Amino acid sequence: MNKTIRRASVFTLLLVFALLVRATWVQFYEGQALADDKDNRRNTIALYSEPLGNIVVGGDAVTGSAPTKSGDLAYKRTYTDGSLYSAVTGYSSQAFGATQLEGIYRDLLDGTDNRLKSPLDTITNKRSDPGNVITTIDPDVQKAAYDALGDKKGAAVAIDPTTGKILAVVSTPSYDPSRIATGDSDAWKQLTKDAEKPMTNRALRQPLPPGSTFKLVVAAAALEDGLYSSVDDKTDSPDPYPLPDSSDELGNENPSAPCEDASIRVALQYSCNNVFGKMAVDLGQDKVREMAEKFGFNDDAQDVPVRAYESVYPSDMDRPQTALSGIGQFDVTATPLQMAMVSAAIANGGKLVSPHMVSQITDGGGDVLGNYDDQADTQETVSSDTAEQLQSAMQTVVEEGTGTNAQISGATVGGKTGTAQHGENNSKTPYAWFTSYGKTDGKEVAVAVVVEQSNAARSEVSGNGLAAPVAKAVMEAALKK
């Protein structure tokens with residue numbers, strides 16, 4: 001054979017062999033990765049080839065699927081009262097993916113979850129009927145929070161202290177997921193570039209300085225440590241409090257308030273900075289941090305099942321910084337979920353039941369695949385005696401102190417206001433906070449509210465003025481049934 005022909009033949013065979021090796025590699029080793037690639041259009045076509053399962057609130061689906069009129073996608077996601085429930089559902093979009101419950105339970109909702117498959121489906125790889133997500137959200141409580149926040153920028157979370165069920169998760173301003181369900185790029189750009197950040201879940205995923213609401217954590221640490229045996233013991237608290245190792249002093253918003261050597265009850269009632277700043281220093285940052293972590297701070301894996309951002313009590317502070325941390329400033333941050341957990345644990349006799357907003361997941365026929373109400377963990381944060389004392393002091397705040405706007409006729413209500421500094425030297429509008437619990441015969445609820453911005457004048461921004469009325473409306477809706 002001609003040498004040139006022989007070489008060409010060998011080279012051609014090598015090329016064929018290389019192609020076979022590459023095809024084998026792609027099919028058997030890279031096939032799944034290519035199939036799962038977010039840019040693979042076939043995945044989207046398959047996802048929306050059939051109706052999706054639903055997210056259910058109060059027995060009714062707040063999601064749905066509707067036939068499309070054109071294109072290669074047979075169905076699109078729809079939402080009932082989308083703006084009301086977007087902080088719960090998230091979105092499922094043909095172009096932009098899925099978030100929150102839509103994303104976490106994507107396989108269940110599209111019928112590809114292995115738990116939905118029969119033995120025959122497993123063999124044939126047939127897509128099963130989709131499942132449903134049953135939430136713990138109470139529609140009346142959710143709407144009360146949404147309506148009460150109105151045009152304010154803020155968030156609210158309501159929890160049943162005895163079960164850990166999340167009854168409401170609201171973030172405002174909100175958005176309607178229906179706007180981006182079909183991949184409308186103009187709507188997407190408008191929402192993502194909006195300075196008000198309507199797609200941010202402020203209830204779960206935006207920690208802010210909690211201000212004076214954090215004083216409950218410091219008070220709990222002082223009682224548990226034995227620094228003070230009762231909320232009515234006088235403290236050793238000069239007014240103003242000279243910050244240690246510093247020439248600065250920590251004073252109070254109301255200079256005439258009876259904060260000098262005030263008891264924990266009076267200090268909560270008048271929100272005395274000097275008392276809790278010194279108390280944090282006397283305890284030391286490690287003891288305050290230990291108590292904060294019992295309530296849920298510094299947990300970077302807080303799933304409800306949506307992953308909440310970590311609420312932080314910092315480390316490696318000097319003594320002036322520790323004093324500021326005692327009033328919920330310096331680098332202390334918290335989500336409304338976290339501050340609702342603080343009130344929930346206190347209201348529940350010191351026991352914190354893990355919060356969750358999914359009760360069950362079911363298959364298409366309604367059979368339960370997972371019951372998360374039965375899986376809720378309970379952790380003791382403080383003793384029952386400490387919890388009872390803090391409940392009593394929080395009731396004083398609402399009855400005679402800075403939280404009077406949360407009073408509810410016929411109910412026992414306890415709370416704590418907070419007005420957290422915002423911006424360098426408090427140059428921006430402060431954050432208004434309120435964390436609380438309400439009880440009637442057979443009913444309990446814990447609520448936390450933060451208002452970042454409102455139409456109120458800066459001088460009128462306070463936890464009692466802005467956040468407490470929202471919490472009151474939420475508690476009334478939860479306790480009326």
# chains A, B, ... in the order shown; residues from 1 in each chain; ligands from 1
>>> residues_around(residues="Gln302 in chain A", least_positions_apart="5", cutoff="12 Å", atoms="only C-alpha atoms", output="list in words")
Leu204, Arg205, Glu293, Phe295, Gly296, Phe297, Arg307, Ala308, Tyr309, Glu310, Ser311, Thr335, Leu337, Gln338, Met341, Ser354, Pro355 and His356 of chain A
>>> closest_atom_pairs(of="range 290-356 of chain A", to="range 80-101 of chain A", cutoff="10 Å", atoms="only C-alpha atoms", output="JSON lines")
{"residue": "A:Val304", "atom": "CA", "partner": "A:Leu101", "partner_atom": "CA", "distance": 9.9}
{"residue": "A:Pro305", "atom": "CA", "partner": "A:Leu101", "partner_atom": "CA", "distance": 7.8}
{"residue": "A:Val306", "atom": "CA", "partner": "A:Gln100", "partner_atom": "CA", "distance": 5.6}
{"residue": "A:Arg307", "atom": "CA", "partner": "A:Gln100", "partner_atom": "CA", "distance": 8.3}
>>> write_last_selection(atoms="N, CA, C and O atoms", output="compact mmCIF listing (two decimals), in the first residue's frame")
# COMPACT_ATOMS: atom_id res chain seq x y z
N VAL A 304 -36.73 27.60 57.10
CA VAL A 304 -38.11 27.59 57.59
C VAL A 304 -39.18 27.11 56.59
O VAL A 304 -40.36 27.40 56.87
N PRO A 305 -38.93 26.41 55.48
CA PRO A 305 -37.65 25.90 55.00
C PRO A 305 -36.88 26.87 54.12
O PRO A 305 -35.76 26.55 53.70
N VAL A 306 -37.43 28.04 53.76
CA VAL A 306 -36.65 29.05 53.07
C VAL A 306 -35.48 29.43 53.98
O VAL A 306 -35.67 29.61 55.19
N ARG A 307 -34.27 29.51 53.42
CA ARG A 307 -33.11 29.87 54.23
C ARG A 307 -33.18 31.34 54.62
O ARG A 307 -33.18 32.22 53.77
>>> residues_around(residues="Leu167 in chain A", least_positions_apart="4", cutoff="6 Å", atoms="only C-alpha atoms", output="JSON, numbers by chain")
{"A": [136, 137, 138, 158, 159]}
>>> write_last_selection(atoms="C-alpha atoms", output="compact mmCIF listing (two decimals), in the first residue's frame")
# COMPACT_ATOMS: atom_id res chain seq x y z
CA THR A 136 -48.85 27.05 57.83
CA ILE A 137 -49.80 30.57 56.69
CA ASP A 138 -53.11 31.89 57.98
CA ALA A 158 -46.20 36.10 63.04
CA ILE A 159 -45.53 32.78 64.80
>>> residues_around(residues="Cys272 in chain A", least_positions_apart="3", cutoff="8 Å", atoms="only C-alpha atoms", output="list of chain:residue names")
A:Asn252, A:Ala257, A:Cys259, A:Ala267, A:Leu268, A:Val275, A:Phe276
>>> closest_residue(among="A:Ala420, A:Ala219, A:Leu283, A:Pro320", to="Tyr241 in chain A", atoms="only C-alpha atoms")
A:Pro320
>>> residues_around(residues="Ala471 in chain A", least_positions_apart="6", cutoff="10 Å", atoms="only C-alpha atoms", output="PyMOL selection string")
chain A and resi 144-145+148-149+156-158+405-407+415+433-438+446-450+464+477
>>> closest_residue(among="A:Ala221, A:Ala473, A:Ile180, A:Ala323", to="Ser246 in chain A", atoms="only C-alpha atoms")
A:Ala323
>>> closest_residue(among="A:Lys143, A:Lys287, A:Ala280, A:Lys165", to="Asp225 in chain A", atoms="only C-alpha atoms")
A:Lys287
>>> closest_residue(among="A:Asn348, A:Gln329, A:Thr235, A:Thr381", to="Ala262 in chain A", atoms="only C-alpha atoms")
A:Thr235
>>> residues_around(residues="Glu388 in chain A", least_positions_apart="4", cutoff="12 Å", atoms="only C-alpha atoms", output="PyMOL selection string")
chain A and resi 220+223+230-231+343+345-351+382-384+392-395+414
>>> write_last_selection(atoms="N, CA and C atoms", output="mmCIF file, in the first residue's frame")
data_model
loop_
_atom_site.group_PDB
_atom_site.id
_atom_site.type_symbol
_atom_site.label_atom_id
_atom_site.label_comp_id
_atom_site.auth_asym_id
_atom_site.auth_seq_id
_atom_site.Cartn_x
_atom_site.Cartn_y
_atom_site.Cartn_z
ATOM 1 N N ALA A 220 -32.783 38.759 79.541
ATOM 2 C CA ALA A 220 -32.844 37.312 79.750
ATOM 3 C C ALA A 220 -31.501 36.790 80.240
ATOM 4 N N LEU A 223 -30.961 37.749 83.986
ATOM 5 C CA LEU A 223 -31.759 36.948 84.915
ATOM 6 C C LEU A 223 -31.260 35.515 84.989
ATOM 7 N N SER A 230 -34.497 39.333 89.902
ATOM 8 C CA SER A 230 -35.874 39.686 89.599
ATOM 9 C C SER A 230 -35.892 40.895 88.676
ATOM 10 N N VAL A 231 -36.944 40.994 87.876
ATOM 11 C CA VAL A 231 -37.092 42.176 87.013
ATOM 12 C C VAL A 231 -37.393 43.426 87.823
ATOM 13 N N SER A 343 -39.707 36.753 71.049
ATOM 14 C CA SER A 343 -40.988 36.894 71.753
ATOM 15 C C SER A 343 -41.708 35.563 71.873
ATOM 16 N N ALA A 345 -40.404 32.535 72.172
ATOM 17 C CA ALA A 345 -39.803 31.726 73.233
ATOM 18 C C ALA A 345 -40.212 32.230 74.615
ATOM 19 N N ILE A 346 -40.212 33.541 74.790
ATOM 20 C CA ILE A 346 -40.619 34.120 76.084
ATOM 21 C C ILE A 346 -42.079 33.799 76.356
ATOM 22 N N ALA A 347 -42.932 33.933 75.351
ATOM 23 C CA ALA A 347 -44.362 33.673 75.529
ATOM 24 C C ALA A 347 -44.648 32.209 75.819
ATOM 25 N N ASN A 348 -43.774 31.315 75.339
ATOM 26 C CA ASN A 348 -43.980 29.871 75.489
ATOM 27 C C ASN A 348 -43.233 29.306 76.688
ATOM 28 N N GLY A 349 -43.091 30.116 77.718
ATOM 29 C CA GLY A 349 -42.468 29.632 78.949
ATOM 30 C C GLY A 349 -40.989 29.361 78.832
ATOM 31 N N GLY A 350 -40.324 30.020 77.871
ATOM 32 C CA GLY A 350 -38.887 29.842 77.706
ATOM 33 C C GLY A 350 -38.493 28.807 76.683
ATOM 34 N N LYS A 351 -39.472 28.141 76.074
ATOM 35 C CA LYS A 351 -39.189 27.085 75.096
ATOM 36 C C LYS A 351 -39.419 27.613 73.679
ATOM 37 N N VAL A 382 -34.670 29.926 78.086
ATOM 38 C CA VAL A 382 -34.576 30.424 79.458
ATOM 39 C C VAL A 382 -35.506 29.583 80.322
ATOM 40 N N SER A 383 -35.332 29.688 81.618
ATOM 41 C CA SER A 383 -36.201 28.958 82.544
ATOM 42 C C SER A 383 -37.607 29.517 82.501
ATOM 43 N N SER A 384 -38.542 28.738 82.990
ATOM 44 C CA SER A 384 -39.936 29.196 83.026
ATOM 45 C C SER A 384 -40.082 30.412 83.924
ATOM 46 N N SER A 392 -44.145 39.447 82.180
ATOM 47 C CA SER A 392 -44.730 40.479 83.026
ATOM 48 C C SER A 392 -44.156 41.851 82.691
ATOM 49 N N ALA A 393 -42.835 41.913 82.493
ATOM 50 C CA ALA A 393 -42.202 43.197 82.172
ATOM 51 C C ALA A 393 -42.635 43.695 80.797
ATOM 52 N N MET A 394 -42.797 42.783 79.844
ATOM 53 C CA MET A 394 -43.260 43.174 78.508
ATOM 54 C C MET A 394 -44.700 43.674 78.550
ATOM 55 N N GLN A 395 -45.497 43.106 79.435
ATOM 56 C CA GLN A 395 -46.873 43.590 79.598
ATOM 57 C C GLN A 395 -46.872 45.017 80.143
ATOM 58 N N GLY A 414 -47.859 41.636 75.534
ATOM 59 C CA GLY A 414 -46.555 42.104 75.990
ATOM 60 C C GLY A 414 -45.723 42.475 74.789
#
>>> closest_residue(among="A:Lys472, A:Gly164, A:Thr182, A:Ala344", to="Thr68 in chain A", atoms="only C-alpha atoms")
A:Thr182
>>> closest_residue(among="A:Ser49, A:Ser263, A:Asn371, A:Asn54", to="Glu102 in chain A", atoms="only C-alpha atoms")
A:Asn54
